[in-house]
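Structure file my_file.cif; described as mmCIF, C-alpha atoms and all ligand atoms.
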```cif
data_query
loop_
_atom_site.label_atom_id
_atom_site.label_comp_id
_atom_site.auth_asym_id
_atom_site.auth_seq_id
_atom_site.Cartn_x
_atom_site.Cartn_y
_atom_site.Cartn_z
CA MET A 249 32.40 29.83 20.26
CA SER A 250 29.15 29.17 22.06
CA ILE A 251 28.78 29.31 25.83
CA ARG A 252 25.55 29.23 27.79
CA LYS A 253 24.33 28.43 31.25
CA GLY A 254 22.78 25.03 31.89
CA LYS A 255 19.42 24.34 33.44
CA ASN A 256 19.16 23.72 37.17
CA TYR A 257 17.51 20.71 38.73
CA LEU A 258 15.71 20.47 42.03
CA TYR A 259 16.99 18.29 44.84
CA GLY A 260 20.56 17.07 45.08
CA ILE A 261 22.96 18.62 47.57
CA HIS A 262 25.77 21.11 47.95
CA VAL A 263 28.97 19.55 49.21
CA GLU A 264 32.28 21.17 50.04
CA ASP A 265 34.43 20.40 47.03
CA MET A 266 37.75 19.88 48.90
CA LYS A 267 39.56 20.03 45.55
CA GLU A 268 42.12 22.67 46.54
CA MET A 269 44.65 20.13 47.88
CA CYS A 270 45.81 19.36 44.35
CA ALA A 271 43.52 21.14 41.88
CA GLU A 272 46.44 23.20 40.61
CA SER A 273 48.99 20.34 40.64
CA PRO A 274 49.82 19.21 37.10
CA ILE A 275 49.53 15.51 36.31
CA VAL A 276 52.75 13.68 37.17
CA LYS A 277 53.74 10.44 35.46
CA MET A 278 54.56 7.85 38.11
CA PRO A 279 57.38 5.47 37.14
CA ALA A 280 56.18 1.96 36.34
CA PRO A 281 56.28 -0.31 39.41
CA ARG A 282 58.43 -3.46 39.80
CA LYS A 283 55.34 -5.64 39.53
CA VAL A 284 51.89 -5.05 38.07
CA TYR A 285 48.76 -7.00 38.99
CA ILE A 286 46.36 -6.67 36.07
CA SER A 287 42.75 -7.69 36.60
CA MET A 288 40.88 -9.50 33.83
CA SER A 289 37.66 -7.89 35.04
CA GLN A 290 38.03 -4.12 34.85
CA HIS A 291 34.75 -3.55 33.05
CA ILE A 292 31.05 -4.35 33.14
CA GLY A 293 30.39 -7.73 31.54
CA ALA A 294 32.23 -10.99 31.10
CA PRO A 295 35.84 -11.09 32.37
CA ALA A 296 38.60 -11.20 29.76
CA ILE A 297 40.32 -14.56 29.32
CA PRO A 298 44.09 -14.63 29.96
CA ILE A 299 45.98 -15.54 26.78
CA VAL A 300 49.46 -15.64 28.35
CA ASN A 301 51.07 -18.27 30.55
CA VAL A 302 53.36 -18.10 33.56
CA GLY A 303 56.91 -17.63 32.28
CA ASP A 304 55.91 -15.76 29.10
CA LYS A 305 57.81 -12.60 28.25
CA VAL A 306 55.47 -9.74 27.30
CA ASN A 307 55.90 -6.25 25.93
CA LYS A 308 54.10 -3.08 26.92
CA ARG A 309 50.63 -2.86 25.36
CA GLN A 310 50.65 -6.55 24.43
CA LEU A 311 47.23 -8.20 24.59
CA ILE A 312 47.18 -10.42 27.70
CA GLY A 313 43.42 -10.81 28.22
CA GLN A 314 40.99 -11.46 25.38
CA ALA A 315 37.45 -10.04 25.59
CA SER A 316 35.03 -12.94 26.00
CA GLY A 317 31.88 -11.67 24.35
CA MET A 318 30.08 -8.57 23.18
CA ILE A 319 29.96 -6.99 26.66
CA SER A 320 33.58 -7.51 27.65
CA ALA A 321 36.91 -5.77 26.98
CA ASN A 322 40.46 -6.63 25.97
CA VAL A 323 43.19 -6.17 28.59
CA PHE A 324 46.80 -5.21 27.82
CA SER A 325 50.11 -5.36 29.64
CA SER A 326 51.18 -2.00 31.08
CA VAL A 327 54.89 -2.92 31.32
CA CYS A 328 57.53 -5.10 29.65
CA GLY A 329 58.37 -8.13 31.73
CA THR A 330 57.70 -11.76 32.62
CA VAL A 331 54.39 -13.24 33.70
CA THR A 332 55.05 -14.65 37.18
CA ALA A 333 51.53 -15.68 38.19
CA ILE A 334 47.92 -15.87 37.03
CA GLU A 335 45.81 -15.99 40.14
CA ASP A 336 42.56 -14.99 41.80
CA ILE A 337 43.06 -11.87 43.91
CA PRO A 338 40.36 -9.94 45.83
CA THR A 339 39.49 -6.56 44.31
CA GLU A 340 38.26 -3.47 46.15
CA SER A 341 34.74 -4.91 46.08
CA GLY A 342 35.97 -7.94 48.02
CA LEU A 343 35.24 -10.27 45.09
CA LYS A 344 38.14 -12.31 43.75
CA THR A 345 38.99 -11.86 40.09
CA LYS A 346 41.70 -13.34 37.91
CA HIS A 347 44.84 -11.19 37.72
CA VAL A 348 47.90 -11.55 35.52
CA VAL A 349 51.00 -10.67 37.55
CA ILE A 350 53.95 -9.31 35.53
CA GLU A 351 57.42 -8.58 36.85
CA ASN A 352 58.79 -5.47 35.16
CA ASP A 353 62.19 -5.95 33.45
CA ASP A 354 62.55 -2.29 32.42
CA ARG A 355 62.66 -3.00 28.70
CA THR A 356 60.95 -0.33 26.61
CA ASP A 357 59.55 -2.46 23.78
CA GLU A 358 56.00 -1.45 22.95
CA ILE A 359 53.37 -2.93 20.70
CA PHE A 360 51.27 -0.63 18.52
CA PHE A 361 48.27 -1.25 16.30
CA ASP A 362 48.63 -0.69 12.55
CA ASN A 363 47.66 2.71 11.19
CA ILE A 364 43.97 3.08 10.52
CA GLU A 365 43.29 3.19 6.78
CA ASN A 366 39.98 4.98 6.84
CA PHE A 367 37.95 6.85 9.41
CA GLU A 368 34.58 5.31 8.67
CA PRO A 369 32.35 4.85 11.76
CA GLN A 370 32.76 1.06 11.77
CA THR A 371 36.56 1.32 11.57
CA ILE A 372 36.62 3.76 14.49
CA ILE A 373 34.33 1.57 16.60
CA GLU A 374 36.36 -1.56 15.82
CA ARG A 375 39.61 0.15 16.88
CA ILE A 376 37.98 1.32 20.13
CA ARG A 377 36.83 -2.24 20.79
CA LEU A 378 40.29 -3.67 20.02
CA ALA A 379 42.01 -1.14 22.31
CA GLY A 380 39.98 -2.29 25.33
CA ILE A 381 38.39 1.10 25.92
CA VAL A 382 35.58 1.22 28.48
CA GLY A 383 33.78 4.07 30.26
CA LEU A 384 36.62 5.42 32.36
CA GLY A 385 34.39 7.57 34.58
CA GLY A 386 33.81 4.50 36.73
CA ALA A 387 31.07 2.58 34.94
CA GLY A 388 33.42 0.48 32.80
CA PHE A 389 30.82 -0.17 30.09
CA PRO A 390 32.53 -1.12 26.79
CA THR A 391 32.74 2.09 24.75
CA ALA A 392 32.44 0.37 21.36
CA VAL A 393 28.99 -0.87 22.40
CA LYS A 394 27.98 2.58 23.68
CA LEU A 395 29.00 4.06 20.33
CA SER A 396 26.82 1.56 18.42
CA PRO A 397 23.23 2.55 19.31
CA LYS A 398 20.37 1.05 17.31
CA THR A 399 18.87 4.47 16.56
CA GLN A 400 20.34 7.75 15.34
CA LEU A 401 21.22 9.98 18.30
CA GLU A 402 21.24 13.77 18.32
CA TYR A 403 23.65 14.87 21.05
CA LEU A 404 27.12 13.84 22.13
CA ILE A 405 27.62 15.20 25.64
CA ILE A 406 31.06 15.40 27.21
CA ASN A 407 30.92 14.99 30.97
CA GLY A 408 33.17 17.68 32.40
CA ALA A 409 31.25 18.05 35.65
CA GLU A 410 33.57 16.10 37.98
CA CYS A 411 31.22 16.86 40.88
CA GLU A 412 32.81 14.41 43.34
CA PRO A 413 34.74 16.26 46.06
CA TYR A 414 38.55 15.90 46.13
CA LEU A 415 38.87 14.50 42.58
CA ASN A 416 40.72 16.60 40.01
CA CYS A 417 41.84 14.22 37.28
CA ASP A 418 39.19 15.26 34.72
CA TYR A 419 39.82 18.92 35.54
CA ARG A 420 43.57 18.58 35.02
CA LEU A 421 43.05 16.70 31.76
CA MET A 422 40.60 19.34 30.53
CA ILE A 423 43.24 22.05 30.89
CA GLU A 424 46.40 20.02 30.14
CA ASN A 425 45.13 17.75 27.33
CA THR A 426 42.36 19.85 25.79
CA GLU A 427 43.34 19.05 22.22
CA ASP A 428 43.49 15.29 22.89
CA ILE A 429 39.96 15.42 24.29
CA TYR A 430 38.82 17.43 21.27
CA ARG A 431 40.34 14.88 18.87
CA GLY A 432 38.66 12.03 20.78
CA VAL A 433 35.34 13.87 20.66
CA LYS A 434 35.58 14.23 16.88
CA TYR A 435 36.09 10.46 16.45
CA ALA A 436 33.25 9.63 18.86
CA ALA A 437 30.95 12.07 17.05
CA ARG A 438 31.94 10.58 13.69
CA ALA A 439 31.26 7.07 14.95
CA LEU A 440 27.80 8.18 16.08
CA GLY A 441 27.08 10.41 13.06
CA ILE A 442 26.36 13.30 15.43
CA LYS A 443 26.84 17.01 14.74
CA LYS A 444 25.65 18.51 18.03
CA ILE A 445 28.39 18.32 20.64
CA ILE A 446 28.07 19.76 24.13
CA ILE A 447 30.52 19.83 27.00
CA GLY A 448 29.01 20.37 30.45
CA ILE A 449 31.45 21.87 32.95
CA GLU A 450 30.69 22.94 36.53
CA ALA A 451 31.07 26.67 37.16
CA ASN A 452 33.91 26.07 39.64
CA LYS A 453 36.28 25.19 36.76
CA PRO A 454 36.74 28.49 34.86
CA LYS A 455 40.06 27.41 33.29
CA ALA A 456 38.41 24.35 31.78
CA ILE A 457 35.51 26.47 30.50
CA GLU A 458 38.01 28.83 28.87
CA ALA A 459 40.02 25.95 27.37
CA PHE A 460 36.97 24.58 25.51
CA SER A 461 35.52 27.93 24.50
CA LYS A 462 37.98 28.11 21.57
CA TYR A 463 36.20 25.35 19.62
CA ASP A 464 33.45 26.51 17.26
CA ASP A 465 31.90 23.07 16.99
CA ILE A 466 31.50 22.38 20.73
CA GLU A 467 28.89 24.16 22.80
CA VAL A 468 30.11 24.84 26.34
CA VAL A 469 27.37 24.62 28.96
CA ILE A 470 28.25 26.04 32.36
CA LEU A 471 26.65 23.98 35.08
CA LYS A 472 25.72 25.03 38.57
CA LYS A 473 27.97 23.44 41.20
CA GLN A 474 25.60 20.88 42.55
CA TYR A 475 25.90 17.21 43.45
CA PRO A 476 25.37 14.83 41.56
CA MET A 477 25.69 16.99 38.43
CA GLY A 478 27.94 14.36 36.81
CA SER A 479 25.22 11.70 36.86
CA GLU A 480 24.25 11.00 33.25
CA LYS A 481 20.55 11.73 33.73
CA HIS A 482 21.14 15.05 35.46
CA LEU A 483 23.83 16.10 33.02
CA ILE A 484 21.53 15.39 30.08
CA TYR A 485 18.71 17.41 31.63
CA CYS A 486 20.91 20.36 32.53
CA THR A 487 22.61 20.51 29.11
CA THR A 488 19.73 19.64 26.75
CA GLY A 489 16.54 19.94 28.83
CA ARG A 490 15.69 16.31 28.00
CA LYS A 491 14.47 14.05 30.77
CA VAL A 492 15.50 10.40 30.75
CA PRO A 493 12.38 8.58 31.97
CA VAL A 494 12.58 6.04 34.78
CA GLY A 495 13.94 2.74 33.47
CA LYS A 496 15.21 4.31 30.24
CA MET A 497 18.71 5.06 29.02
CA PRO A 498 20.36 8.20 27.56
CA PHE A 499 20.04 6.80 24.02
CA ASP A 500 16.24 6.68 24.52
CA VAL A 501 16.30 10.49 24.52
CA GLY A 502 18.84 10.78 21.70
CA CYS A 503 21.94 11.36 23.84
CA CYS A 504 25.31 9.72 24.37
CA VAL A 505 27.44 10.85 27.32
CA GLN A 506 31.19 10.29 27.24
CA ASN A 507 33.76 10.76 29.98
CA ILE A 508 36.92 12.90 29.61
CA LYS A 509 39.44 10.06 30.07
CA THR A 510 37.53 7.82 27.69
CA LEU A 511 37.75 10.45 24.95
CA ILE A 512 41.51 10.76 25.41
CA ALA A 513 41.84 6.96 25.22
CA ILE A 514 39.88 7.06 21.94
CA LYS A 515 42.29 9.64 20.52
CA HIS A 516 45.33 7.54 21.51
CA ALA A 517 43.81 4.36 20.06
CA ILE A 518 42.99 5.93 16.71
CA GLU A 519 45.76 8.44 16.07
CA ASP A 520 48.65 6.96 18.08
CA ASN A 521 47.71 3.28 17.64
CA LYS A 522 47.91 2.70 21.40
CA ALA A 523 45.88 0.28 23.49
CA LEU A 524 44.71 1.38 26.94
CA SER A 525 47.47 0.69 29.48
CA SER A 526 47.44 3.58 31.98
CA THR A 527 45.03 5.87 33.75
CA VAL A 528 44.98 9.24 35.50
CA LEU A 529 43.83 9.49 39.10
CA THR A 530 43.85 11.86 42.07
CA VAL A 531 45.50 10.88 45.35
CA SER A 532 44.28 13.19 48.07
CA GLY A 533 42.97 13.68 51.60
CA GLY A 534 44.50 14.89 54.85
CA GLY A 535 46.12 11.50 55.44
CA ILE A 536 48.52 11.55 52.46
CA LYS A 537 51.72 13.60 52.65
CA GLU A 538 51.81 14.89 49.07
CA PRO A 539 48.41 14.92 47.33
CA LYS A 540 48.93 14.50 43.59
CA ASN A 541 47.29 13.96 40.24
CA LEU A 542 49.04 10.96 38.73
CA ARG A 543 49.30 9.01 35.51
CA VAL A 544 49.85 5.42 36.60
CA GLN A 545 50.21 2.13 34.78
CA ILE A 546 47.23 -0.19 35.12
CA GLY A 547 47.95 -2.84 37.74
CA THR A 548 50.10 -0.57 39.95
CA PRO A 549 49.91 -1.57 43.64
CA LEU A 550 48.31 1.07 45.87
CA GLU A 551 51.25 0.64 48.29
CA ASP A 552 53.59 1.95 45.55
CA ILE A 553 51.28 4.91 44.91
CA ILE A 554 51.26 5.79 48.62
CA GLU A 555 55.06 5.67 48.70
CA PHE A 556 55.29 7.86 45.58
CA CYS A 557 53.07 10.41 47.31
CA GLY A 558 55.36 10.63 50.35
CA GLY A 559 53.54 8.10 52.54
CA LEU A 560 50.76 8.48 55.05
CA VAL A 561 50.73 11.21 57.68
CA GLY A 562 48.60 11.58 60.78
CA GLU A 563 45.80 9.22 61.34
CA THR A 564 44.00 7.97 58.27
CA VAL A 565 40.68 6.63 59.47
CA LYS A 566 39.18 5.89 56.09
CA ILE A 567 40.60 4.88 52.70
CA ILE A 568 38.31 5.30 49.71
CA SER A 569 38.70 4.18 46.14
CA GLY A 570 37.04 6.94 44.12
CA GLY A 571 35.35 10.03 45.50
CA PRO A 572 33.87 10.33 48.99
CA MET A 573 30.28 10.27 47.72
CA MET A 574 30.24 7.30 45.34
CA GLY A 575 33.59 5.67 46.05
CA LYS A 576 34.06 2.41 47.90
CA GLY A 577 35.57 2.21 51.39
CA MET A 578 38.59 -0.09 51.51
CA ILE A 579 39.57 -2.35 54.38
CA ASN A 580 43.31 -2.14 53.65
CA THR A 581 45.83 -0.85 51.11
CA THR A 582 45.98 -4.05 49.07
CA SER A 583 44.63 -2.82 45.77
CA TYR A 584 45.82 -2.55 42.18
CA THR A 585 44.96 0.21 39.73
CA ARG A 586 42.25 -0.59 37.24
CA LYS A 587 41.17 1.20 34.06
CA THR A 588 38.24 2.84 35.85
CA ASN A 589 40.00 4.17 38.97
CA SER A 590 39.51 7.90 39.46
CA GLY A 591 41.31 8.34 42.76
CA TYR A 592 42.32 7.15 46.19
CA LEU A 593 41.45 9.21 49.25
CA PHE A 594 43.07 8.97 52.67
CA LEU A 595 40.73 10.72 55.05
CA THR A 596 41.45 11.76 58.61
CA ASP A 597 39.02 11.95 61.51
CA LYS A 598 38.33 15.62 60.72
CA GLU A 599 37.37 14.84 57.14
CA THR A 600 34.96 12.04 57.76
CA CYS A 601 32.33 10.95 60.15
CA VAL A 602 32.87 7.40 61.34
CA LYS A 603 29.97 6.91 63.75
CA GLU A 604 27.69 4.04 64.57
CA PRO A 605 24.24 4.49 62.99
CA THR A 606 21.32 5.21 65.30
CA ASN A 607 17.60 4.74 64.72
CA CYS A 608 15.92 6.62 61.88
CA ILE A 609 14.09 9.62 63.29
CA ASN A 610 11.84 10.02 60.23
CA CYS A 611 13.10 13.51 59.50
CA ALA A 612 12.78 12.90 55.71
CA LYS A 613 16.01 14.76 54.94
CA CYS A 614 17.15 11.81 52.80
CA ALA A 615 14.01 12.02 50.64
CA LYS A 616 14.32 15.79 50.37
CA ASN A 617 17.89 15.47 49.04
CA CYS A 618 17.42 12.51 46.71
CA PRO A 619 17.98 13.67 43.10
CA MET A 620 15.95 10.68 41.86
CA ARG A 621 13.05 11.63 44.14
CA LEU A 622 13.05 8.34 46.02
CA MET A 623 12.27 7.66 49.66
CA PRO A 624 15.55 6.13 50.81
CA MET A 625 14.44 5.56 54.42
CA TYR A 626 11.68 3.19 53.28
CA ILE A 627 13.85 1.38 50.76
CA GLU A 628 16.49 0.87 53.44
CA SER A 629 13.92 -0.45 55.85
CA PHE A 630 12.59 -2.95 53.27
CA ALA A 631 16.13 -4.01 52.39
CA LEU A 632 17.04 -4.63 56.02
CA SER A 633 13.91 -6.70 56.58
CA GLY A 634 14.54 -8.75 53.43
CA ASP A 635 11.39 -7.46 51.68
CA PHE A 636 13.07 -6.82 48.35
CA ALA A 637 9.81 -6.88 46.39
CA SER A 638 8.65 -3.80 48.33
CA ALA A 639 12.06 -2.18 47.92
CA GLU A 640 11.59 -2.57 44.17
CA LYS A 641 8.09 -1.07 44.34
CA TYR A 642 9.60 1.95 46.05
CA GLY A 643 12.01 2.43 43.15
CA ALA A 644 15.24 0.88 44.45
CA MET A 645 16.36 0.12 40.89
CA ASN A 646 16.24 3.83 40.03
CA CYS A 647 18.77 4.68 42.73
CA ILE A 648 22.00 5.97 41.17
CA GLU A 649 23.94 5.32 44.41
CA CYS A 650 25.01 8.97 44.58
CA GLY A 651 25.13 9.06 48.39
CA SER A 652 23.18 12.35 48.72
CA CYS A 653 20.71 10.71 51.11
CA ALA A 654 23.36 9.42 53.50
CA TYR A 655 25.36 12.66 53.38
CA ASN A 656 22.88 14.60 55.51
CA CYS A 657 21.28 11.79 57.49
CA PRO A 658 21.44 12.79 61.18
CA ALA A 659 21.19 9.13 62.21
CA LYS A 660 24.17 8.20 59.98
CA ARG A 661 22.22 5.35 58.41
CA SER A 662 24.09 3.31 55.79
CA LEU A 663 21.39 4.04 53.25
CA VAL A 664 23.38 3.52 50.05
CA GLN A 665 24.81 0.17 51.13
CA SER A 666 21.32 -1.10 52.03
CA ILE A 667 19.83 0.13 48.75
CA SER A 668 22.73 -1.32 46.81
CA LEU A 669 22.11 -4.68 48.52
CA ALA A 670 18.42 -4.43 47.60
CA LYS A 671 19.34 -3.81 43.95
CA THR A 672 21.58 -6.88 43.88
CA LYS A 673 18.86 -9.03 45.44
CA ILE A 674 16.18 -7.70 43.06
CA LYS A 675 18.42 -8.57 40.10
CA GLU A 676 18.93 -12.07 41.53
CA MET A 677 15.16 -12.48 42.01
CA LYS A 678 14.58 -11.51 38.37
CA GLN A 679 17.29 -13.87 37.10
CA ASN A 680 15.65 -16.67 39.05
CA GLY A 681 12.28 -15.80 37.50
CA ARG A 682 10.64 -14.61 40.73
S1 LIG A 701 17.64 11.25 56.83
FE1 LIG A 701 18.18 9.48 58.12
S2 LIG A 701 17.03 9.81 59.97
FE2 LIG A 701 16.13 11.17 58.47
S3 LIG A 701 14.43 9.96 57.54
FE3 LIG A 701 16.22 9.60 56.30
S4 LIG A 701 17.13 7.73 57.15
FE4 LIG A 701 15.74 8.54 58.68
S1 LIG A 702 18.37 6.92 47.26
FE1 LIG A 702 19.94 6.59 45.74
S2 LIG A 702 19.62 8.22 44.22
FE2 LIG A 702 18.54 8.81 46.09
S3 LIG A 702 20.01 10.05 47.22
FE3 LIG A 702 20.21 7.97 47.99
S4 LIG A 702 21.87 7.11 46.77
FE4 LIG A 702 21.18 8.96 45.67
#
```
Any chance you could put this one into structure tokens?
Amino acid sequence: MSIRKGKNYLYGIHVEDMKEMCAESPIVKMPAPRKVYISMSQHIGAPAIPIVNVGDKVNKRQLIGQASGMISANVFSSVCGTVTAIEDIPTESGLKTKHVVIENDDRTDEIFFDNIENFEPQTIIERIRLAGIVGLGGAGFPTAVKLSPKTQLEYLIINGAECEPYLNCDYRLMIENTEDIYRGVKYAARALGIKKIIIGIEANKPKAIEAFSKYDDIEVVILKKQYPMGSEKHLIYCTTGRKVPVGKMPFDVGCCVQNIKTLIAIKHAIEDNKALSSTVLTVSGGGIKEPKNLRVQIGTPLEDIIEFCGGLVGETVKIISGGPMMGKGMINTTSYTRKTNSGYLFLTDKETCVKEPTNCINCAKCAKNCPMRLMPMYIESFALSGDFASAEKYGAMNCIECGSCAYNCPAKRSLVQSISLAKTKIKEMKQNGR
């Protein structure tokens, strides 16, 4: 057993964690819905290609979307039923993506992979690729690719920070499914050929710290409660002391960071021969009657989740997919669970601040709070005036979209949205060779 305190970093912010609404509620398995709407684009990279047709009968965990390249991921059915439509449906981002719609017929037939014959790194990575596993912390990057770096890495770091307010799914999994995470970690470490394994857990999760302290081969690093501790670059610094330089990736400093849910999916793919077909998320906020931590089938309509949680109460003024800091505001409740969902929040007037932005007063609070040491007020100003080249010079591409700048802005500027727009435009400029 090895436990130590992590390093602190300057900047960042302290936010109320608001986790108490369901932090001690065990994960409940929600019954499969009557219909699932499964997106072919639940990951970074090329969308999967549907390999079923309308009218086909499918079983649970049957491959329905084939990965279409190296940076892509397979997609599986989460229920038994009949394919009733294959259509473009808007996702939470507003962009339309192809969805396979399956009407559940309540059969219980499931498809499993064959047993793995050896546990060599390549066999493990191939199974992870086949099972459609992607970074389930939100990024959605194909895990098989992340576990295939070109150079030998030194550290595997488990991200147990869960620094976003309200969200509890990683916390619940850390105390309810500790052994599954441990098994997944061992396979990930074997795939990478790594011996040094660290789990970073924020100090406000003593039960999770205790749960992992029983393993001799995992070093537990207790992290200060600070936002955005769960960002890869900050987690790496606080657990290993290594700094990921601007424009570089964790593997450039010998580290690979893996999310809690991803590690459990790895365990299920390798030991239980199961493809990824469900996820765990937190439903919380003052606007939902019964906040819960849920295991739901991928493709479950948000309307069904709301009903399972007792419906809405009071006045919900904001619905967010994800946490309040990095999540995306939603315009309605038409949404379907994806692999990477971590939660849905229903926030009341008291819990949020829906105000029209006013002029920047140059107080520099946003710059003082930025964990990436950027000057968000300038980047925003360049973005709004369409000067994306200057936004790039001021480091827009280094923004991790953590929301710390906007959190304390007295003028309520939409800093993250503007910077995010600048990033998209800069990428477009580069693709067009400008
Ligand atoms: S915190 Fe808001 S008001 Fe202050 S400098 Fe930044 S953008 Fe301007
Ligand atoms: S500029 Fe980006 S990295 Fe800095 S605080 Fe704002 S969102 Fe976070």
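Near ligand LIG 701 (chain A), the residues found within 8 Å are A:Asn607, A:Cys608, A:Ile609, A:Asn610, A:Cys611, A:Ala612, A:Lys613, A:Cys614, A:Ala615, A:Met623, A:Pro624, A:Met625, A:Glu628, A:Cys653, A:Ala654, A:Asn656, A:Cys657, A:Pro658, A:Ala659, A:Lys660, A:Arg661, A:Leu663 (criterion computed using only C-alpha atoms and all ligand atoms).
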Step by step, gather every atom of ligand LIG 702 (chain A) that the file lists, find the box along x, y and z that holds them, add 6 Å on each side, and finally give centre and edge lengths in Å to one decimal, as AutoDock Vina command-line options.
```
--center_x 20.1 --center_y 8.3 --center_z 46.1 --size_x 15.5 --size_y 15.5 --size_z 15.8
```
Take the point (51.6, -4.2, 34.3) in the file's coordinates, draw a sphere of radius 9 Å around it, and report as a PyMOL selection string every protein, DNA or RNA residue with an atom inside or on it, counting all atoms listed in the file.
chain A and resi 280-286+308+324-329+348-352+525+545-548
Long-range neighbours of Ile447 in chain A as a PyMOL selection string, 6 Å cut-off, all atoms listed in the file, 5 positions minimum in chain
chain A and resi 405-406+468
Which is closer to ligand LIG 702 (chain A) than all the others in A:Met477, A:Ala321, A:Val469, A:Val528, using only C-alpha atoms and all ligand atoms?
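Under the stated criterion, the closest residue is A:Met477.
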Please identify every polymer residue within 9 Å of ligand LIG 702 (chain A), using all atoms listed in the file, and present the set as number ranges by chain.
A: 260, 476, 574, 614-625, 627-628, 643-655, 663-665, 667-668
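With all atoms listed in the file as the atoms that count, the residue of A:Val323, A:Leu343, A:Val505, A:Ile359 with the shortest distance to Arg586 in chain A is A:Val323.
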Separation of CA of Thr600 in chain A and CA of Ile337 in chain A, in Å?
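These atoms are spaced 28.8 Å apart.
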